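Just query-v8.cif here, mmCIF, C-alpha atoms:
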data_my_file
loop_
_atom_site.label_atom_id
_atom_site.label_comp_id
_atom_site.auth_asym_id
_atom_site.auth_seq_id
_atom_site.Cartn_x
_atom_site.Cartn_y
_atom_site.Cartn_z
CA MET A 508 28.53 -54.95 8.12
CA ALA A 509 27.77 -58.50 9.25
CA GLY A 510 24.07 -59.34 9.15
CA TRP A 511 23.76 -60.16 12.83
CA THR A 512 25.60 -57.02 13.91
CA LEU A 513 23.30 -54.85 11.85
CA ALA A 514 20.26 -56.78 13.09
CA GLY A 515 21.47 -56.18 16.63
CA TRP A 516 21.83 -52.44 15.99
CA VAL A 517 18.37 -52.26 14.43
CA ILE A 518 16.79 -54.05 17.38
CA THR A 519 18.71 -51.98 19.93
CA CYS A 520 17.95 -48.61 18.31
CA GLY A 521 14.35 -49.61 17.66
CA SER A 522 13.89 -50.68 21.27
CA ALA A 523 15.47 -47.44 22.50
CA LEU A 524 13.11 -45.41 20.30
CA VAL A 525 10.10 -47.36 21.54
CA LEU A 526 11.23 -46.88 25.16
CA MET A 527 11.71 -43.13 24.70
CA ALA A 528 8.34 -42.83 22.95
CA THR A 529 6.67 -44.77 25.77
CA LEU A 530 8.28 -42.58 28.44
CA ALA A 531 7.28 -39.44 26.54
CA ALA A 532 3.73 -40.75 26.13
CA LEU A 533 3.49 -41.58 29.85
CA ARG A 534 4.79 -38.12 30.74
CA PHE A 535 2.36 -36.57 28.28
CA ARG A 536 -0.56 -38.51 29.77
CA LYS A 537 0.49 -37.49 33.27
CA ASP A 538 0.62 -33.81 32.29
CA ARG A 539 -2.60 -34.08 30.34
CA GLY A 540 -4.34 -35.92 33.16
CA GLU A 541 -3.75 -33.00 35.48
CA PHE A 542 -5.61 -30.70 33.11
CA ASP A 543 -8.11 -32.99 31.45
CA GLU A 544 -11.08 -31.53 33.29
CA GLU A 545 -14.23 -30.55 31.50
CA ASP A 546 -14.65 -27.29 33.38
CA ALA A 547 -11.01 -26.22 33.58
CA ASP A 548 -10.83 -22.46 33.50
CA SER A 549 -7.72 -20.68 32.35
CA SER A 550 -9.23 -17.19 32.26
CA GLY A 551 -7.38 -16.32 35.50
CA PHE A 552 -3.95 -16.89 33.96
CA THR A 553 -1.65 -13.91 33.84
CA LEU A 554 2.01 -13.51 33.08
CA THR A 555 2.37 -10.98 35.88
CA ARG A 556 3.24 -13.68 38.41
CA TYR A 557 6.27 -14.54 36.29
CA GLN A 558 7.68 -11.01 36.39
CA PRO A 559 10.35 -12.03 38.93
CA MET A 560 11.92 -14.37 36.36
CA ALA A 561 13.32 -11.32 34.59
CA ARG A 562 15.47 -10.58 37.58
CA LEU A 563 16.35 -13.97 38.95
CA LEU A 564 19.39 -14.51 36.77
CA SER A 565 20.48 -10.93 36.58
CA GLU A 566 24.04 -10.16 37.65
CA ASP A 567 23.08 -6.94 39.43
CA ASP A 568 22.13 -8.62 42.68
CA LEU A 569 25.30 -10.70 42.67
CA LEU A 570 27.41 -7.58 42.07
CA PHE A 571 25.70 -5.87 44.97
CA LEU A 572 26.28 -8.88 47.18
CA ALA A 573 29.92 -9.04 46.16
CA SER A 574 30.38 -5.41 47.15
CA GLN A 575 29.28 -6.09 50.70
CA PRO A 576 31.86 -6.61 53.45
CA GLY A 577 32.46 -10.25 54.37
CA TYR A 578 31.56 -11.52 50.93
CA ARG A 579 33.12 -14.83 49.96
CA SER A 580 33.01 -16.62 46.64
CA GLU A 581 31.24 -19.57 48.28
CA LEU A 582 28.39 -17.23 49.21
CA GLY A 583 28.17 -16.02 45.63
CA ALA A 584 28.14 -19.57 44.28
CA ARG A 585 25.41 -20.58 46.70
CA PHE A 586 23.44 -17.46 45.86
CA LEU A 587 23.58 -18.28 42.14
CA ARG A 588 22.64 -21.91 42.78
CA GLU A 589 19.57 -20.91 44.73
CA ARG A 590 18.56 -18.36 42.13
CA ARG A 591 18.85 -20.93 39.33
CA ARG A 592 16.82 -23.38 41.38
CA ILE A 593 14.06 -20.83 41.91
CA PHE A 594 14.22 -19.90 38.21
CA ARG A 595 13.72 -23.54 37.33
CA LEU A 596 10.68 -23.69 39.60
CA TYR A 597 9.19 -20.67 37.85
CA LEU A 598 10.02 -22.19 34.47
CA ARG A 599 8.34 -25.42 35.46
CA ASP A 600 5.19 -23.58 36.52
CA LEU A 601 5.23 -21.50 33.34
CA SER A 602 5.53 -24.69 31.28
CA ARG A 603 2.65 -26.21 33.17
CA ASP A 604 0.51 -23.14 32.53
CA PHE A 605 1.43 -23.23 28.84
CA GLN A 606 0.41 -26.88 28.55
CA HIS A 607 -2.81 -26.15 30.38
CA LEU A 608 -3.71 -23.28 28.04
CA HIS A 609 -2.63 -25.24 24.99
CA ALA A 610 -4.73 -28.26 25.98
CA GLU A 611 -7.76 -26.03 26.38
CA ALA A 612 -7.15 -24.43 22.97
CA ARG A 613 -6.71 -27.84 21.34
CA LYS A 614 -10.02 -29.05 22.72
CA ILE A 615 -11.81 -26.02 21.31
CA VAL A 616 -10.17 -26.26 17.90
CA ALA A 617 -10.91 -30.01 17.69
CA ASN A 618 -14.62 -29.22 17.92
CA SER A 619 -14.63 -26.19 15.66
CA GLU A 620 -15.70 -25.74 12.04
CA ALA A 621 -13.59 -26.01 8.91
CA GLN A 622 -12.94 -22.28 8.56
CA HIS A 623 -10.80 -22.38 11.70
CA ALA A 624 -8.37 -24.93 10.22
CA ALA A 625 -5.61 -22.30 10.26
CA LEU A 626 -5.64 -22.37 14.05
CA VAL A 627 -4.50 -26.00 13.98
CA GLY A 628 -1.29 -24.92 12.28
CA LEU A 629 -0.95 -22.01 14.69
CA LEU A 630 -1.26 -24.28 17.72
CA LEU A 631 1.27 -26.69 16.23
CA ARG A 632 3.76 -23.88 15.62
CA GLN A 633 3.24 -22.56 19.13
CA GLN A 634 3.94 -25.96 20.63
CA VAL A 635 7.05 -26.50 18.53
CA THR A 636 8.31 -23.01 19.41
CA PHE A 637 7.71 -23.69 23.08
CA TRP A 638 9.65 -26.95 22.97
CA GLN A 639 12.52 -25.32 21.11
CA VAL A 640 12.76 -22.38 23.46
CA ARG A 641 12.34 -24.47 26.59
CA GLY A 642 15.12 -26.77 25.36
CA SER A 643 17.34 -23.81 24.63
CA LEU A 644 16.72 -22.36 28.09
CA GLU A 645 17.52 -25.64 29.79
CA LEU A 646 20.75 -25.81 27.81
CA HIS A 647 21.68 -22.26 28.76
CA LEU A 648 20.96 -23.00 32.41
CA ALA A 649 23.10 -26.12 32.31
CA LEU A 650 25.97 -24.25 30.66
CA SER A 651 25.72 -21.31 33.04
CA ARG A 652 26.03 -23.78 35.89
CA LEU A 653 29.37 -24.74 34.40
CA GLY A 654 30.30 -21.11 34.12
CA ILE A 655 29.77 -20.95 30.36
CA GLY A 656 27.69 -18.02 29.08
CA LYS A 657 24.91 -16.40 31.03
CA VAL A 658 21.14 -16.31 31.03
CA ASP A 659 19.79 -12.82 31.38
CA ALA A 660 16.07 -12.80 31.97
CA ARG A 661 15.94 -9.02 32.22
CA ARG A 662 14.00 -8.61 28.99
CA LEU A 663 11.80 -11.66 29.52
CA VAL A 664 8.72 -9.76 30.55
CA ASP A 665 9.41 -6.97 28.03
CA ALA A 666 8.63 -9.41 25.21
CA ILE A 667 5.22 -10.39 26.57
CA GLU A 668 3.28 -8.05 24.31
CA SER A 669 5.54 -8.29 21.26
CA MET A 670 3.64 -11.12 19.53
CA ARG A 671 0.13 -10.15 20.63
CA LEU A 672 -0.36 -7.97 17.55
CA ASP A 673 0.51 -10.78 15.11
CA LEU A 674 -1.69 -13.19 16.97
CA GLY A 675 -4.52 -10.69 17.17
CA ARG A 676 -4.56 -10.50 13.36
CA VAL A 677 -4.97 -14.28 13.04
CA THR A 678 -7.49 -14.78 15.82
CA GLY A 679 -9.35 -11.60 14.87
CA ARG A 680 -10.04 -13.09 11.43
CA ALA A 681 -11.19 -16.33 13.05
CA ALA A 682 -13.44 -14.53 15.50
CA ALA A 683 -14.98 -12.38 12.73
CA THR A 684 -15.95 -15.44 10.70
CA ALA A 685 -17.26 -17.45 13.68
CA MET B 2 7.68 -75.73 0.73
CA ALA B 3 7.77 -77.13 4.28
CA THR B 4 4.55 -78.22 5.98
CA PHE B 5 4.48 -75.40 8.54
CA ASP B 6 5.17 -72.80 5.84
CA ARG B 7 2.22 -74.09 3.85
CA VAL B 8 -0.08 -74.28 6.88
CA ILE B 9 0.60 -70.72 8.01
CA TRP B 10 0.18 -69.48 4.45
CA TYR B 11 -3.17 -71.23 3.98
CA LEU B 12 -4.32 -69.96 7.37
CA ASN B 13 -3.59 -66.43 6.16
CA ILE B 14 -5.62 -66.97 3.01
CA ALA B 15 -8.51 -68.39 5.05
CA ALA B 16 -8.36 -65.50 7.52
CA THR B 17 -8.37 -63.00 4.64
CA LEU B 18 -11.45 -64.62 3.14
CA VAL B 19 -13.18 -64.57 6.54
CA LEU B 20 -12.37 -60.87 6.93
CA LEU B 21 -13.66 -60.08 3.44
CA GLY B 22 -16.83 -61.99 4.25
CA ARG B 23 -17.29 -60.05 7.51
CA LEU B 24 -16.75 -56.72 5.80
CA PHE B 25 -19.26 -57.64 3.09
CA ALA B 26 -21.88 -59.11 5.44
CA THR B 27 -21.81 -56.12 7.82
CA GLY B 28 -21.81 -53.63 4.96
CA LEU B 29 -18.58 -52.15 6.29
CA TRP B 30 -16.91 -52.66 2.92
CA ARG B 31 -18.75 -49.53 1.71
CA THR B 32 -17.14 -47.45 4.47
CA TYR B 33 -13.70 -49.05 4.31
CA ARG B 34 -13.50 -49.49 0.52
CA TRP B 35 -9.76 -49.32 0.13
CA LEU B 36 -9.25 -51.78 3.00
CA PHE B 37 -11.65 -54.13 1.20
CA PHE B 38 -9.85 -53.70 -2.15
CA PHE B 39 -6.47 -54.23 -0.43
CA PHE B 40 -7.53 -57.63 0.84
CA VAL B 41 -9.26 -58.57 -2.40
CA ALA B 42 -5.93 -57.93 -4.14
CA ASP B 43 -4.19 -59.96 -1.43
CA THR B 44 -6.52 -62.90 -2.04
CA PHE B 45 -6.00 -62.76 -5.81
CA GLN B 46 -2.26 -62.69 -5.31
CA SER B 47 -2.42 -65.72 -2.99
CA LEU B 48 -4.45 -67.70 -5.53
CA LEU B 49 -2.00 -66.85 -8.30
CA LEU B 50 0.90 -67.83 -6.05
CA ILE B 51 -0.70 -71.21 -5.31
CA ALA B 52 -1.08 -71.77 -9.05
CA SER B 53 2.62 -70.86 -9.54
CA LEU B 54 4.06 -73.12 -6.84
CA GLY B 55 5.80 -75.45 -9.29
CA ASN B 56 7.62 -72.64 -11.13
CA ARG B 57 10.05 -70.49 -9.07
CA ASN B 58 10.41 -67.72 -11.64
CA ARG B 59 6.66 -67.46 -12.17
CA TYR B 60 6.14 -67.51 -8.38
CA ALA B 61 8.63 -64.65 -7.93
CA GLU B 62 6.92 -62.64 -10.68
CA MET B 63 3.48 -63.16 -9.15
CA TYR B 64 4.82 -62.19 -5.73
CA MET B 65 6.49 -59.00 -6.93
CA GLY B 66 3.56 -58.00 -9.13
CA GLY B 67 1.05 -58.58 -6.36
CA GLN B 68 3.12 -56.76 -3.76
CA ALA B 69 3.57 -53.80 -6.12
CA VAL B 70 -0.22 -53.50 -6.48
CA LYS B 71 -0.66 -53.81 -2.72
CA MET B 72 1.99 -51.13 -2.08
CA VAL B 73 -0.04 -48.68 -4.14
CA LEU B 74 -3.28 -49.74 -2.47
CA SER B 75 -1.74 -49.37 0.98
CA VAL B 76 -1.25 -45.65 0.32
CA PHE B 77 -4.95 -45.30 -0.45
CA VAL B 78 -5.74 -47.36 2.65
CA VAL B 79 -3.91 -44.95 4.97
CA LEU B 80 -5.37 -41.91 3.22
CA GLU B 81 -8.81 -43.42 3.76
CA LEU B 82 -7.94 -43.96 7.43
CA TYR B 83 -6.80 -40.34 7.77
CA GLN B 84 -10.03 -39.09 6.26
CA LEU B 85 -12.26 -41.37 8.34
CA ALA B 86 -10.49 -40.58 11.60
CA LEU B 87 -10.94 -36.81 11.22
CA ALA B 88 -14.37 -36.91 9.55
CA SER B 89 -16.21 -35.53 12.59
CA HIS B 90 -13.62 -32.80 13.26
CA PRO B 91 -13.93 -30.30 10.36
CA ALA B 92 -11.11 -27.97 11.42
CA LEU B 93 -8.68 -30.85 11.91
CA ALA B 94 -9.84 -32.47 8.66
CA GLY B 95 -9.26 -29.20 6.80
CA PHE B 96 -5.76 -28.95 8.21
CA GLY B 97 -5.20 -32.62 7.39
CA ARG B 98 -6.15 -32.14 3.73
CA LYS B 99 -3.62 -29.33 3.38
CA THR B 100 -0.78 -31.23 5.00
CA VAL B 101 -1.28 -34.83 3.85
CA GLY B 102 1.05 -34.38 0.87
CA TRP B 103 3.83 -33.05 3.06
CA LEU B 104 3.31 -35.86 5.56
CA LEU B 105 3.59 -38.49 2.83
CA VAL B 106 6.74 -36.90 1.41
CA GLY B 107 8.27 -36.50 4.86
CA SER B 108 7.58 -40.08 5.91
CA SER B 109 8.96 -41.35 2.58
CA MET B 110 12.17 -39.39 3.06
CA VAL B 111 12.62 -40.70 6.59
CA ALA B 112 11.99 -44.26 5.41
CA ALA B 113 14.40 -43.81 2.49
CA GLY B 114 17.09 -42.94 5.04
CA GLY B 115 17.26 -46.64 5.90
CA LEU B 116 18.07 -47.82 2.36
CA TRP B 117 21.74 -48.26 3.24
CA MET B 118 21.00 -50.98 5.80
CA ASP B 119 20.64 -53.78 3.27
CA SER B 120 22.52 -52.28 0.34
CA SER B 121 24.76 -55.34 -0.09
CA VAL B 122 23.25 -58.52 -1.48
CA ARG B 123 23.86 -61.76 0.41
CA PRO B 124 25.81 -64.45 -1.46
CA GLY B 125 23.39 -66.78 -3.14
CA GLN B 126 20.43 -64.40 -2.92
CA SER B 127 18.73 -63.13 -6.05
CA THR B 128 19.69 -59.49 -6.62
CA ILE B 129 16.28 -58.65 -8.07
CA LEU B 130 14.47 -60.16 -5.10
CA HIS B 131 16.80 -58.46 -2.64
CA ARG B 132 16.27 -55.05 -4.23
CA PHE B 133 12.53 -55.64 -4.41
CA PHE B 134 12.43 -56.47 -0.70
CA THR B 135 14.33 -53.24 -0.04
CA VAL B 136 11.76 -51.20 -1.98
CA GLU B 137 8.88 -53.05 -0.35
CA ARG B 138 10.15 -52.62 3.21
CA THR B 139 10.89 -48.94 2.56
CA MET B 140 7.33 -48.41 1.34
CA ASP B 141 5.94 -50.33 4.33
CA PHE B 142 8.10 -48.30 6.71
CA SER B 143 6.99 -45.08 5.08
CA VAL B 144 3.34 -46.06 5.54
CA LEU B 145 4.09 -47.03 9.16
CA ILE B 146 5.63 -43.62 9.87
CA PHE B 147 2.61 -41.91 8.31
CA LEU B 148 0.26 -43.99 10.48
CA LEU B 149 2.26 -43.18 13.61
CA LEU B 150 2.17 -39.46 12.76
CA ILE B 151 -1.60 -39.68 12.36
CA CYS B 152 -1.85 -41.46 15.72
CA CYS B 153 0.29 -38.82 17.45
CA PHE B 154 -1.79 -36.03 15.88
CA MET B 155 -5.05 -37.61 17.02
CA LEU B 156 -3.78 -38.36 20.51
CA TRP B 157 -2.52 -34.80 20.87
CA PHE B 158 -5.87 -33.32 19.87
CA PRO B 159 -8.84 -34.79 21.73
CA VAL B 160 -10.21 -36.69 18.72
CA ARG B 161 -13.00 -39.10 19.34
CA MET B 162 -12.75 -41.91 16.82
CA LYS B 163 -15.10 -44.65 15.83
CA PRO B 164 -13.92 -47.87 17.51
CA ASN B 165 -13.63 -49.51 14.07
CA VAL B 166 -11.25 -46.80 12.85
CA ALA B 167 -9.10 -47.17 15.96
CA LEU B 168 -8.93 -50.95 15.42
CA TYR B 169 -8.17 -50.43 11.75
CA ILE B 170 -5.27 -48.08 12.55
CA GLY B 171 -3.91 -50.21 15.40
CA GLY B 172 -3.97 -53.34 13.28
CA PHE B 173 -2.14 -51.70 10.39
CA VAL B 174 0.56 -50.27 12.66
CA VAL B 175 1.34 -53.83 13.74
CA TRP B 176 0.99 -55.11 10.15
CA PHE B 177 3.41 -52.64 8.57
CA LEU B 178 5.84 -52.84 11.49
CA ALA B 179 6.05 -56.61 11.08
CA ARG B 180 6.40 -56.37 7.29
CA SER B 181 9.10 -53.68 7.26
CA PHE B 182 11.13 -55.27 10.08
CA GLY B 183 10.69 -58.81 8.75
CA LEU B 184 11.77 -57.91 5.21
CA LEU B 185 14.82 -56.07 6.53
CA MET B 186 15.83 -59.10 8.59
CA ALA B 187 15.18 -61.41 5.62
CA ASN B 188 17.58 -59.28 3.57
CA ILE B 189 20.41 -58.94 6.07
CA LEU B 190 20.40 -62.29 7.86
CA SER B 191 21.67 -65.50 6.36
CA ALA B 192 19.53 -67.59 4.02
CA SER B 193 18.78 -70.13 6.75
CA PHE B 194 16.68 -67.51 8.55
CA PHE B 195 14.65 -66.51 5.52
CA HIS B 196 11.85 -69.01 6.11
CA THR B 197 11.80 -68.19 9.82
CA MET B 198 11.30 -64.49 9.09
CA SER B 199 8.74 -65.26 6.41
CA ASN B 200 6.74 -67.44 8.79
CA ALA B 201 7.00 -64.87 11.55
CA MET B 202 5.59 -62.18 9.23
CA LEU B 203 2.78 -64.51 8.13
CA ALA B 204 2.01 -65.29 11.76
CA VAL B 205 1.70 -61.61 12.65
CA CYS B 206 -0.45 -60.97 9.57
CA PHE B 207 -2.67 -63.90 10.56
CA GLY B 208 -3.01 -62.35 14.00
CA CYS B 209 -4.04 -58.99 12.53
CA LEU B 210 -6.54 -60.59 10.13
CA SER B 211 -8.09 -62.62 12.95
CA PHE B 212 -8.23 -59.56 15.17
CA TRP B 213 -10.02 -57.51 12.52
CA SER B 214 -12.44 -60.35 11.74
CA LEU B 215 -13.43 -60.58 15.39
CA ALA B 216 -13.34 -56.91 16.33
CA LEU B 217 -14.68 -54.97 13.33
CA ARG B 218 -18.46 -54.78 13.59
CA ARG B 219 -21.38 -52.59 12.66
CA GLY B 220 -21.72 -51.25 16.21
CA GLY B 221 -18.18 -49.91 16.03
CA GLU B 222 -19.34 -47.18 13.63
CA PHE B 223 -21.00 -45.22 16.43
CA THR B 224 -19.22 -43.01 18.93
CA THR B 225 -20.22 -40.71 21.79
CA LEU B 226 -19.58 -37.07 21.05
CA THR B 227 -17.27 -34.94 23.13
CA VAL B 228 -19.36 -32.46 25.11
CA GLY B 229 -18.29 -29.00 26.12
CA HIS B 230 -15.46 -26.92 24.66
CA ARG B 231 -17.55 -25.72 21.75
CA TRP B 232 -16.21 -22.97 19.51
CA ASN B 233 -15.98 -19.71 21.41
CA PRO B 234 -14.06 -16.98 19.54
CA ALA B 235 -13.44 -14.86 22.61
CA VAL B 236 -12.00 -17.75 24.59
CA MET B 237 -9.92 -18.86 21.61
CA GLU B 238 -8.50 -15.39 21.14
CA ARG B 239 -7.63 -15.14 24.80
CA LEU B 240 -5.98 -18.57 24.83
CA THR B 241 -3.87 -18.05 21.74
CA GLY B 242 -2.88 -14.59 23.01
CA GLN B 243 -1.72 -16.06 26.29
CA LEU B 244 0.20 -18.84 24.53
CA GLU B 245 1.98 -16.42 22.25
CA SER B 246 2.85 -14.20 25.20
CA ILE B 247 4.50 -17.08 26.99
CA ASN B 248 6.43 -18.08 23.89
CA ALA B 249 7.53 -14.51 23.21
CA SER B 250 8.82 -14.18 26.74
CA LEU B 251 10.73 -17.45 26.56
CA VAL B 252 12.17 -16.60 23.14
CA ARG B 253 13.58 -13.33 24.42
CA LEU B 254 15.01 -15.08 27.44
CA SER B 255 16.72 -17.76 25.40
CA ARG B 256 18.29 -15.16 23.10
CA ASP B 257 20.04 -13.38 25.94
#

For the structure just supplied, provide its representation as C-alpha cells.
Amino acid sequence: MAGWTLAGWVITCGSALVLMATLAALRFRKDRGEFDEEDADSSGFTLTRYQPMARLLSEDDLLFLASQPGYRSELGARFLRERRRIFRLYLRDLSRDFQHLHAEARKIVANSEAQHAALVGLLLRQQVTFWQVRGSLELHLALSRLGIGKVDARRLVDAIESMRLDLGRVTGRAAATA
Amino acid sequence: MATFDRVIWYLNIAATLVLLGRLFATGLWRTYRWLFFFFVADTFQSLLLIASLGNRNRYAEMYMGGQAVKMVLSVFVVLELYQLALASHPALAGFGRKTVGWLLVGSSMVAAGGLWMDSSVRPGQSTILHRFFTVERTMDFSVLIFLLLICCFMLWFPVRMKPNVALYIGGFVVWFLARSFGLLMANILSASFFHTMSNAMLAVCFGCLSFWSLALRRGGEFTTLTVGHRWNPAVMERLTGQLESINASLVRLSRD
C-alpha cells in the first residue's frame, strides 16, 4: 500500500479511536458526576420496582388485545412501540442504578486492605457482564423492532436470586476476614 | 546533519541533563529509580552518538544498541509507575500484582497486530534499520497501551495519586505515542520525510523533558487522602449482591 495512503488510514483510524474514547470518557464523567457524592446511599435500592419489565415485552397482552373487537394491526404496532419505549426507560433506570451501586462498591474496594483484592476482579467481571448483557438486550430490542426475534422478559425477575448464592460465598469470605 | 537537526538534538540532551539534575537535587531519583536510569541510559547513548557522528555504521550501531537498552528499561519504568500509582491502595495493588503479567502480554499482542503496516521496506532504506524501527515502535506502542490501561483502571476506581506520578504517567503517554507514531511514519513515508519525522519526535521529547523538569518537585509526593467509604463488609456484601442480582436478571432477559 502506498505510504501516504497507509499514513492517511492510520491518522483517520487513530483520530476516530481518540474521538470515541473522548466521547466515552465524557459520558462516563457525566454518569459518574451524578453519583459522585460522598454520602450517596444505595441501601434503599430494590429490584422490586423493575418487576414490570418481565411483562412489558410479553406477547400475552398483545394476543389479548388482538382478540378484542375492533382491533387493527396499526393498534398492535403502536402498542408494541409504546411497550418497547417504556421497557427502554426501565432499562435506562436499571443501568443507572447499576452504575450507582458499582461506583459505591468501587470506592469502598479502592480504600480496602490487600486481602480484599479478589473483589477488584469480581467488580471488573460484573461490569463486563453488565456491558455485554446490556449490549445484547439493545441488539434484541433493535431486531424485534424490525420484526426479527423477540425479547421475552417473563423470566427476568425469576433470575434475581440465582446468583446471590455464588456471590454470598465470595463476599462471605471477605466479610469474615475483615 | 542539518543545523536544525543538530540544534533540536542538543536541546534534548541538555533537557535530559537538566531533568537528571532536578531528580538528583530533589532526591526524587530514589523514588523514581527506573525513570532516572532510563534517562541516564539516554544521556550515555546521546554522548556515544555524538562521538560516532563521522561514521554512519558506528552511529547506527550505537543508536540500535542504545534503543534496545532503553526498550528494556521502559518496561521497568512502567512497572514502577504501576506500583507507585497503586501504593496507597492495597486491594488494588494486590490485584495489580496478579494481573500485570497478563496486561503486558495483552498489550504486546495488540501492538504486534500492527506489524503488517510497515512490512515492506522502502527503496533505498536499510533493511536492518527498517526492521529495527518496526520492533522499536511495536515495543513503544505496547508500553503505550499498558500505560493507557493503567490510566483507565485508575480513573475507573477512585484512586488518589501523587501529583508527580500523574505527571510521570501523562508525560510518558505523550512520549510513547510520539515515538510509536513517528517511527511508523518514518518507515512508511518517503525518505524525504524521515528528517521531518525525526525532528518532530525530538521536539515532542524535548517538550516532555522540559515539562518534567518544571513540574516534578518534592511537594508533588504528598496527596490528600480520600475520606469516607472505608471498608464495611456488610455494605460491600449488600452492594455486590445487588449488582449480581441486576446482572442475573439482565442475563436471563437477553437469553430469551

Which residues fall under the PyMOL selection byres ((chain B and resi 170) around 12) in this file, as an MDAnalysis selection string? chainID B and resid 33 36 78:86 144:145 147:153 155 162:169 171:177 209 213 217

Would you kindly return, as a list in words, each protein, DNA or RNA residue with an atom no farther than 10 Å from any atom of A:His609, considering all atoms listed in the file and excluding same-chain residues fewer than 4 positions away?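 The residues that qualify are Arg603, Asp604, Phe605, Arg613, Lys614, Ile615, Leu630, Leu631, Gln633 and Gln634 of chain A; Leu240, Thr241, Gln243 and Leu244 of chain B.
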
Picked residues, the PyMOL selection byres ((chain B and resi 15-32) around 9), expected as a PyMOL selection string: chain B and resi 10-14+33-38+40-41+43-44+85+207-208+210-211+213-215+217-219+222

Should the cut-off be 8 Å, what would the residue list for chain B against chain A look like, counting all atoms listed in the file, as a PyMOL selection string? chain B and resi 90-96+118+158-160+186+189-191+229-235+237-255+257

Between atom CA of B:Leu87 and atom CA of B:Phe154, distance in Å (one decimal):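 These atoms are spaced 10.3 Å apart.
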
In Å to one decimal, how far is atom CA of A:Arg595 from atom CA of A:Ala649?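 Computing the Euclidean distance for atom CA of A:Ala649 and atom CA of A:Arg595 yields 10.9 Å.
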
Could you write out as a ChimeraX atom specification the residues that the PyMOL selection byres ((chain A and resi 590) around 12) matches in the shown file? /A:559-566,568-569,583-589,591-597,648,651-652,658,660

Residue with the minimum atom-to-atom distance to B:Ser121, picked from B:Arg98, B:Ile9, B:Asn200, B:Thr135 with all atoms listed in the file counted, is B:Thr135

Kindly indicate which residue among B:Ser181, B:Ser120, B:Phe39, B:Phe194 lies nearest to B:Leu74, using only C-alpha atoms for the distances. B:Phe39

Hey, can you check how far atom CA of B:Ala112 sits from atom CA of B:Ile129?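 Atom CA of B:Ile129 lies at a distance of 20.2 Å from atom CA of B:Ala112.
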
From the list B:Phe134, B:Phe223, B:Met72, B:Ala216, which residue is nearest B:Phe182 when using all atoms listed in the file? B:Phe134

So, with all atoms listed in the file as the atoms that count, which of B:Leu104, B:Val205, B:Leu116, B:Leu54 lies closest to B:His131?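 Answer, going by the shortest atom-to-atom distance: B:Leu116.
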